[in-house]
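Text of the file final22.txt, holding compact mmCIF, C-alpha atoms and all ligand atoms:
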# COMPACT_ATOMS: atom_id res chain seq x y z
CA MET A 262 -4.10 -9.00 -17.93
CA LYS A 263 -1.75 -7.04 -15.69
CA ALA A 264 -3.45 -5.24 -12.81
CA LEU A 265 -0.79 -2.55 -12.67
CA GLU A 266 2.05 -1.66 -14.98
CA LEU A 267 4.66 1.07 -14.58
CA GLN A 268 6.98 1.80 -17.45
CA GLY A 269 10.00 4.06 -17.23
CA LEU A 270 8.47 6.14 -14.49
CA GLU A 271 10.35 9.33 -13.63
CA VAL A 272 9.40 11.67 -10.80
CA ALA A 273 11.25 14.73 -9.58
CA TYR A 274 10.68 17.07 -6.65
CA GLY A 275 12.28 20.22 -7.97
CA ALA A 276 15.90 19.30 -8.54
CA VAL A 277 15.63 15.98 -6.64
CA ARG A 278 15.16 13.07 -9.03
CA ALA A 279 13.26 10.60 -6.85
CA LEU A 280 12.44 8.06 -9.59
CA LYS A 281 14.71 7.57 -12.56
CA GLY A 282 12.84 5.18 -14.82
CA VAL A 283 11.03 2.63 -12.67
CA SER A 284 9.26 -0.25 -14.42
CA LEU A 285 7.28 -2.84 -12.56
CA GLU A 286 4.14 -4.90 -12.79
CA VAL A 287 1.57 -6.45 -10.51
CA TYR A 288 -0.78 -9.20 -11.63
CA PRO A 289 -4.31 -9.63 -10.26
CA GLY A 290 -4.27 -11.45 -6.91
CA GLU A 291 -0.54 -10.91 -6.44
CA VAL A 292 1.18 -9.42 -3.43
CA VAL A 293 4.24 -7.51 -4.59
CA THR A 294 6.59 -5.77 -2.20
CA LEU A 295 8.75 -2.74 -2.87
CA LEU A 296 11.89 -2.77 -0.77
CA GLY A 297 14.82 -0.39 -0.46
CA ALA A 298 16.67 1.94 1.85
CA ASN A 299 15.32 5.26 3.10
CA GLY A 300 14.94 7.66 0.23
CA ALA A 301 15.08 4.97 -2.46
CA GLY A 302 11.76 6.16 -3.89
CA LYS A 303 9.26 3.65 -2.53
CA SER A 304 6.70 6.13 -1.20
CA THR A 305 7.10 8.25 -4.31
CA THR A 306 6.21 5.25 -6.45
CA LEU A 307 2.97 4.76 -4.52
CA ARG A 308 2.22 8.49 -4.64
CA ALA A 309 2.66 8.52 -8.40
CA ILE A 310 0.27 5.59 -8.80
CA SER A 311 -2.42 7.38 -6.76
CA GLY A 312 -1.94 10.61 -8.67
CA LEU A 313 -0.54 12.56 -5.73
CA VAL A 314 2.61 13.42 -7.65
CA ARG A 315 2.82 13.86 -11.41
CA PRO A 316 5.43 11.84 -13.23
CA ARG A 317 7.80 13.76 -15.47
CA ALA A 318 8.04 10.78 -17.83
CA GLY A 319 6.88 7.22 -18.18
CA SER A 320 3.49 5.58 -17.92
CA ILE A 321 1.21 3.95 -15.37
CA SER A 322 -1.63 1.71 -16.40
CA PHE A 323 -4.23 -0.05 -14.36
CA MET A 324 -6.28 -2.91 -15.81
CA GLY A 325 -4.92 -1.97 -19.21
CA GLU A 326 -5.94 1.70 -19.02
CA PRO A 327 -3.63 4.68 -18.53
CA LEU A 328 -3.83 6.44 -15.16
CA THR A 329 -1.28 9.14 -15.73
CA ARG A 330 -3.73 11.90 -16.58
CA LEU A 331 -6.35 11.14 -13.95
CA SER A 332 -6.88 13.03 -10.69
CA PRO A 333 -6.43 11.27 -7.33
CA VAL A 334 -10.22 11.11 -6.92
CA GLN A 335 -10.68 9.50 -10.33
CA ILE A 336 -7.93 7.01 -9.49
CA VAL A 337 -9.66 6.02 -6.24
CA ARG A 338 -12.85 5.50 -8.26
CA ARG A 339 -11.01 3.10 -10.55
CA GLY A 340 -10.43 0.93 -7.49
CA ILE A 341 -7.05 1.89 -6.09
CA ALA A 342 -6.84 2.53 -2.34
CA HIS A 343 -3.72 4.09 -0.86
CA CYS A 344 -2.95 3.58 2.80
CA PRO A 345 -0.17 6.12 3.37
CA GLU A 346 2.67 6.00 5.85
CA GLY A 347 1.89 7.43 9.28
CA ARG A 348 -1.65 6.20 9.96
CA ARG A 349 -3.60 9.09 8.54
CA VAL A 350 -6.95 8.77 10.23
CA PHE A 351 -9.45 11.56 10.86
CA ALA A 352 -8.54 12.15 14.50
CA GLY A 353 -11.71 14.00 15.51
CA LEU A 354 -14.07 11.45 13.98
CA SER A 355 -15.06 8.16 15.56
CA VAL A 356 -13.80 4.80 14.37
CA HIS A 357 -17.19 4.12 12.82
CA GLU A 358 -17.23 7.47 11.00
CA ASN A 359 -13.73 6.85 9.66
CA LEU A 360 -14.88 3.52 8.24
CA LEU A 361 -17.94 5.14 6.65
CA LEU A 362 -15.70 7.75 5.01
CA GLY A 363 -13.67 4.94 3.46
CA ALA A 364 -16.82 3.88 1.67
CA SER A 365 -17.84 7.39 0.58
CA GLY A 366 -17.34 6.64 -3.12
CA ARG A 367 -19.63 3.61 -2.99
CA ARG A 368 -23.32 3.55 -3.81
CA ASP A 369 -24.10 -0.09 -3.08
CA ARG A 370 -25.98 -1.52 -0.11
CA GLY A 371 -23.15 -3.65 1.23
CA ILE A 372 -21.51 -0.94 3.35
CA GLY A 373 -23.00 -2.00 6.70
CA GLU A 374 -22.02 -5.56 6.00
CA ASP A 375 -18.46 -4.52 5.16
CA ILE A 376 -18.19 -2.55 8.40
CA GLN A 377 -19.12 -5.73 10.26
CA ARG A 378 -16.49 -7.57 8.23
CA MET A 379 -13.86 -5.01 9.32
CA PHE A 380 -14.90 -5.50 12.94
CA GLY A 381 -14.41 -9.21 12.35
CA LEU A 382 -10.92 -8.63 10.95
CA PHE A 383 -10.03 -6.12 13.69
CA PRO A 384 -12.09 -6.89 16.82
CA ILE A 385 -10.42 -4.04 18.71
CA LEU A 386 -12.08 -1.57 16.33
CA LEU A 387 -15.48 -2.89 17.36
CA GLU A 388 -14.66 -2.23 20.99
CA ARG A 389 -13.57 1.28 20.06
CA ARG A 390 -16.22 2.00 17.45
CA ASN A 391 -17.53 5.22 19.06
CA GLN A 392 -14.17 6.48 20.23
CA ALA A 393 -12.41 9.38 18.49
CA ALA A 394 -9.77 7.92 16.16
CA GLY A 395 -7.14 10.33 17.51
CA THR A 396 -7.33 8.65 20.91
CA LEU A 397 -6.47 5.18 19.56
CA SER A 398 -3.02 3.69 20.06
CA GLY A 399 -0.60 3.71 17.13
CA GLY A 400 -1.34 0.10 16.27
CA GLU A 401 -5.08 0.65 16.46
CA GLN A 402 -4.81 3.68 14.18
CA GLN A 403 -2.83 1.62 11.70
CA MET A 404 -5.55 -1.03 11.75
CA LEU A 405 -8.18 1.65 11.25
CA ALA A 406 -6.26 3.15 8.33
CA LEU A 407 -6.09 -0.29 6.73
CA ALA A 408 -9.75 -1.04 7.44
CA ARG A 409 -10.76 2.33 6.02
CA ALA A 410 -8.82 1.64 2.83
CA LEU A 411 -10.53 -1.74 2.55
CA MET A 412 -13.95 -0.11 2.92
CA SER A 413 -13.58 1.23 -0.62
CA ARG A 414 -13.43 -2.41 -1.80
CA PRO A 415 -10.23 -1.73 -3.71
CA LYS A 416 -9.10 -3.75 -6.68
CA LEU A 417 -5.58 -2.73 -5.74
CA LEU A 418 -4.36 -1.86 -2.27
CA LEU A 419 -1.25 0.33 -1.92
CA LEU A 420 0.24 -0.01 1.55
CA ASP A 421 3.03 2.23 2.77
CA GLU A 422 4.92 0.77 5.73
CA PRO A 423 2.06 -0.73 7.71
CA SER A 424 4.49 -1.93 10.41
CA LEU A 425 6.25 1.38 10.99
CA GLY A 426 6.76 2.17 14.66
CA LEU A 427 4.55 -0.65 15.94
CA ALA A 428 5.27 -3.23 18.62
CA PRO A 429 6.17 -6.72 17.32
CA LEU A 430 2.87 -8.25 18.43
CA VAL A 431 0.86 -5.58 16.62
CA VAL A 432 3.01 -6.00 13.52
CA ARG A 433 2.32 -9.72 13.62
CA SER A 434 -1.39 -9.09 13.88
CA ILE A 435 -1.37 -6.67 10.93
CA PHE A 436 0.61 -9.09 8.80
CA GLY A 437 -1.81 -11.85 9.82
CA THR A 438 -4.59 -9.71 8.40
CA LEU A 439 -2.62 -9.03 5.22
CA LYS A 440 -2.14 -12.77 4.82
CA ALA A 441 -5.89 -13.28 5.10
CA LEU A 442 -6.49 -10.52 2.53
CA LYS A 443 -4.00 -12.20 0.21
CA ALA A 444 -5.76 -15.54 0.65
CA ALA A 445 -9.00 -13.78 -0.28
CA GLY A 446 -7.40 -12.67 -3.56
CA THR A 447 -6.68 -9.00 -2.79
CA THR A 448 -4.03 -7.46 -5.04
CA ILE A 449 -1.48 -5.61 -2.94
CA LEU A 450 1.57 -3.44 -3.58
CA LEU A 451 3.36 -3.24 -0.24
CA VAL A 452 6.15 -0.89 0.80
CA GLU A 453 7.83 -2.28 3.87
CA GLN A 454 11.06 -1.73 5.82
CA ASN A 455 10.87 -5.14 7.46
CA VAL A 456 12.42 -7.17 4.65
CA ASN A 457 11.86 -10.58 6.21
CA LEU A 458 8.19 -10.02 6.93
CA ALA A 459 7.61 -8.52 3.50
CA LEU A 460 9.30 -11.38 1.66
CA GLU A 461 7.39 -13.91 3.73
CA LEU A 462 4.08 -12.41 2.67
CA ALA A 463 4.79 -11.37 -0.91
CA ASP A 464 4.81 -13.38 -4.12
CA ARG A 465 7.38 -11.13 -5.79
CA ALA A 466 9.63 -8.25 -4.82
CA TYR A 467 11.38 -5.26 -6.35
CA VAL A 468 14.30 -3.63 -4.59
CA LEU A 469 14.69 0.09 -5.35
CA ARG A 470 17.97 1.88 -5.01
CA THR A 471 18.20 5.65 -5.56
CA GLY A 472 15.16 5.75 -7.79
CA GLN A 473 15.87 2.66 -9.86
CA VAL A 474 15.01 -1.02 -9.68
CA ALA A 475 18.24 -2.67 -8.50
CA LEU A 476 16.87 -6.18 -8.13
CA GLU A 477 13.64 -8.09 -8.73
CA GLY A 478 12.50 -11.64 -8.30
CA GLN A 479 10.30 -14.20 -6.61
CA ALA A 480 10.02 -13.39 -2.90
CA LYS A 481 11.01 -16.93 -1.93
CA GLU A 482 14.17 -16.73 -3.97
CA LEU A 483 15.13 -13.36 -2.49
CA GLN A 484 14.75 -14.54 1.10
CA GLY A 485 18.26 -14.72 2.48
CA ASP A 486 19.76 -13.46 -0.81
CA GLU A 487 22.68 -11.27 0.17
CA ARG A 488 22.11 -9.04 -2.86
CA VAL A 489 19.03 -7.66 -1.07
CA ALA A 490 21.12 -6.60 1.91
CA ARG A 491 23.73 -5.16 -0.45
CA ALA A 492 21.12 -3.10 -2.26
CA TYR A 493 20.28 -1.50 1.09
CA LEU A 494 23.91 -0.62 1.59
CA GLY A 495 24.09 0.87 -1.89
CA GLY A 496 26.21 -1.83 -3.50
CA ALA A 497 23.87 -3.93 -5.68
P1 LIG B 1 11.48 6.18 3.22
O1 LIG B 1 11.61 4.74 3.47
O2 LIG B 1 12.47 7.02 3.99
O3 LIG B 1 10.08 6.71 3.30
P2 LIG B 1 11.29 6.11 0.32
O4 LIG B 1 11.99 5.00 -0.36
O5 LIG B 1 9.82 5.97 0.50
O6 LIG B 1 11.99 6.39 1.71
P3 LIG B 1 10.71 8.59 -0.96
O7 LIG B 1 9.94 9.13 0.21
O8 LIG B 1 9.95 8.15 -2.12
O9 LIG B 1 11.65 7.42 -0.46
O10 LIG B 1 11.78 9.69 -1.36
C1 LIG B 1 12.61 9.57 -2.51
C2 LIG B 1 13.50 10.81 -2.61
O11 LIG B 1 12.72 11.96 -2.89
C3 LIG B 1 14.28 11.13 -1.35
O12 LIG B 1 15.54 11.59 -1.73
C4 LIG B 1 13.46 12.22 -0.69
O13 LIG B 1 14.28 13.06 0.08
C5 LIG B 1 12.89 12.95 -1.88
N1 LIG B 1 11.58 13.53 -1.58
C6 LIG B 1 10.47 12.88 -1.20
N2 LIG B 1 9.43 13.72 -1.04
C7 LIG B 1 9.89 14.95 -1.33
C8 LIG B 1 9.32 16.25 -1.35
N3 LIG B 1 8.02 16.45 -1.07
N4 LIG B 1 10.12 17.28 -1.70
C9 LIG B 1 11.43 17.09 -2.00
N5 LIG B 1 12.03 15.91 -2.01
C10 LIG B 1 11.29 14.84 -1.67

Could you render the structure as structure tokens?
Amino acid sequence: MKALELQGLEVAYGAVRALKGVSLEVYPGEVVTLLGANGAGKSTTLRAISGLVRPRAGSISFMGEPLTRLSPVQIVRRGIAHCPEGRRVFAGLSVHENLLLGASGRRDRGIGEDIQRMFGLFPILLERRNQAAGTLSGGEQQMLALARALMSRPKLLLLDEPSLGLAPLVVRSIFGTLKALKAAGTTILLVEQNVNLALELADRAYVLRTGQVALEGQAKELQGDERVARAYLGGA
């Protein structure tokens, strides 16, 4: 069964048509990356999946069930975690409190154990556990945002530009973690500006251009494919 399927998705912000019929699919355990120039519609695609914007046409289904009419909260409960661009952490709350909030929809007893697991994945968060999240560095906040999303034990993780604005070493560390999550079978839809890194991690890729899929394929085959670069320049 497909984990996620988008068919003919159209989204508009007033007169701006951000998505003009996007179709894509993600299978369980796959890492799929969405590439494309600024404004191509990548973030909008993720926002539509999490119910933050309403599509004007088309359908979204998750594990075979339609999502299009559900609220963002209901969508989170189905197992989709969205880690938005710009490290949205609760600045006034501690690292530990932010992690607990990530698990707020859960009723099981494994939460403490998962927090320890996050500290294992991101040792710096353990050192900073009682510190206000707003005082963390950019890279640390990005790690916290990712860890918080993972605390919901998502079946599907939507990641919007996890490397944005971070130093190369921090980016490497975050991608190392994503690789480990992939090895553990996590299903991920990743929006990323760093094409090389994204294609190295992903199984498959879609390249969006002005709200449409311009190119799709196996990540390995798209590495070094000049059509990817051309899609960024608007020529694919
Ligand atoms: P970036 O890499 O710059 O984040 P993107 O591929 O994620 O780009 P989107 O953020 O999805 O692109 O934007 C797609 C289009 O929709 C752009 O033309 C953008 O200007 C427009 N857009 C996005 N959000 C809004 C909004 N809230 N109101 C009006 N237009 C918007």

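The shortest atom-to-atom distance to ligand LIG 1 (chain B), with all atoms listed in the file taken into account, belongs to A:Leu296 out of A:Ile449, A:Leu296, A:Ala490, A:Leu418.
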
Atom O3 of ligand LIG 1 (chain B) and CA of Leu425 in chain A, how far apart in Å?
-> 10.1 Å

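Here atom C9 of ligand LIG 1 (chain B) is placed at a distance of 12.7 Å from CA of Ala301 in chain A.
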
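The space between CA of Pro316 in chain A and CA of Ala273 in chain A spans 7.5 Å.
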
Do a neighbour search on Ser413 in chain A at 7 Å with only C-alpha atoms, toss out local chain neighbours closer than 3 positions, and write the hits as an NGL selection string.
-> :A and (363-364 or 367 or 410)

Met379 in chain A environment, 12 Å, only C-alpha atoms, sequence neighbours closer than 3 positions dropped, as a PyMOL selection string = chain A and resi 356-357+359-361+363+372-376+382-387+390+404-414+438+442

Export of prior selection with C-alpha atoms as an mmCIF file, in the frame of the given file:
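Result saved to again-v3.cif:
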data_model
loop_
_atom_site.group_PDB
_atom_site.id
_atom_site.type_symbol
_atom_site.label_atom_id
_atom_site.label_comp_id
_atom_site.auth_asym_id
_atom_site.auth_seq_id
_atom_site.Cartn_x
_atom_site.Cartn_y
_atom_site.Cartn_z
ATOM 1 C CA VAL A 356 -13.800 4.800 14.370
ATOM 2 C CA HIS A 357 -17.190 4.120 12.820
ATOM 3 C CA ASN A 359 -13.730 6.850 9.660
ATOM 4 C CA LEU A 360 -14.880 3.520 8.240
ATOM 5 C CA LEU A 361 -17.940 5.140 6.650
ATOM 6 C CA GLY A 363 -13.670 4.940 3.460
ATOM 7 C CA ILE A 372 -21.510 -0.940 3.350
ATOM 8 C CA GLY A 373 -23.000 -2.000 6.700
ATOM 9 C CA GLU A 374 -22.020 -5.560 6.000
ATOM 10 C CA ASP A 375 -18.460 -4.520 5.160
ATOM 11 C CA ILE A 376 -18.190 -2.550 8.400
ATOM 12 C CA LEU A 382 -10.920 -8.630 10.950
ATOM 13 C CA PHE A 383 -10.030 -6.120 13.690
ATOM 14 C CA PRO A 384 -12.090 -6.890 16.820
ATOM 15 C CA ILE A 385 -10.420 -4.040 18.710
ATOM 16 C CA LEU A 386 -12.080 -1.570 16.330
ATOM 17 C CA LEU A 387 -15.480 -2.890 17.360
ATOM 18 C CA ARG A 390 -16.220 2.000 17.450
ATOM 19 C CA MET A 404 -5.550 -1.030 11.750
ATOM 20 C CA LEU A 405 -8.180 1.650 11.250
ATOM 21 C CA ALA A 406 -6.260 3.150 8.330
ATOM 22 C CA LEU A 407 -6.090 -0.290 6.730
ATOM 23 C CA ALA A 408 -9.750 -1.040 7.440
ATOM 24 C CA ARG A 409 -10.760 2.330 6.020
ATOM 25 C CA ALA A 410 -8.820 1.640 2.830
ATOM 26 C CA LEU A 411 -10.530 -1.740 2.550
ATOM 27 C CA MET A 412 -13.950 -0.110 2.920
ATOM 28 C CA SER A 413 -13.580 1.230 -0.620
ATOM 29 C CA ARG A 414 -13.430 -2.410 -1.800
ATOM 30 C CA THR A 438 -4.590 -9.710 8.400
ATOM 31 C CA LEU A 442 -6.490 -10.520 2.530
#

Residues within 9 Å of ligand LIG 1 (chain B) (all atoms listed in the file), as a ChimeraX atom specification?
-> /A:272-280,295-308,346,421-422,452-454,469-472

For the interface of range 368-422 of chain A with range 264-268 of chain A (cut-off 12 Å, counting only C-alpha atoms), please tabulate each contacting residue of range 368-422 of chain A alongside its nearest pair of atoms and their separation in Å to one decimal, rows sorted by chain and increasing number, as a tab-separated table.
residue	atom	partner	partner_atom	distance
A:Pro415	CA	A:Ala264	CA	11.9
A:Lys416	CA	A:Ala264	CA	8.5
A:Leu417	CA	A:Ala264	CA	7.8
A:Leu418	CA	A:Leu265	CA	11.0
A:Leu419	CA	A:Leu265	CA	11.1

Radius query 12 Å about (-15.1, 17.5, 19.1), atoms used: only C-alpha atoms, as a VMD selection string | chain A and resid 351 to 355 392 to 396

Which polymer residues have any atom within 7 Å of an atom of Arg465 in chain A, counting only C-alpha atoms, with same-chain residues fewer than 4 positions away left out, as a ChimeraX atom specification?
-> /A:292-294,478-480
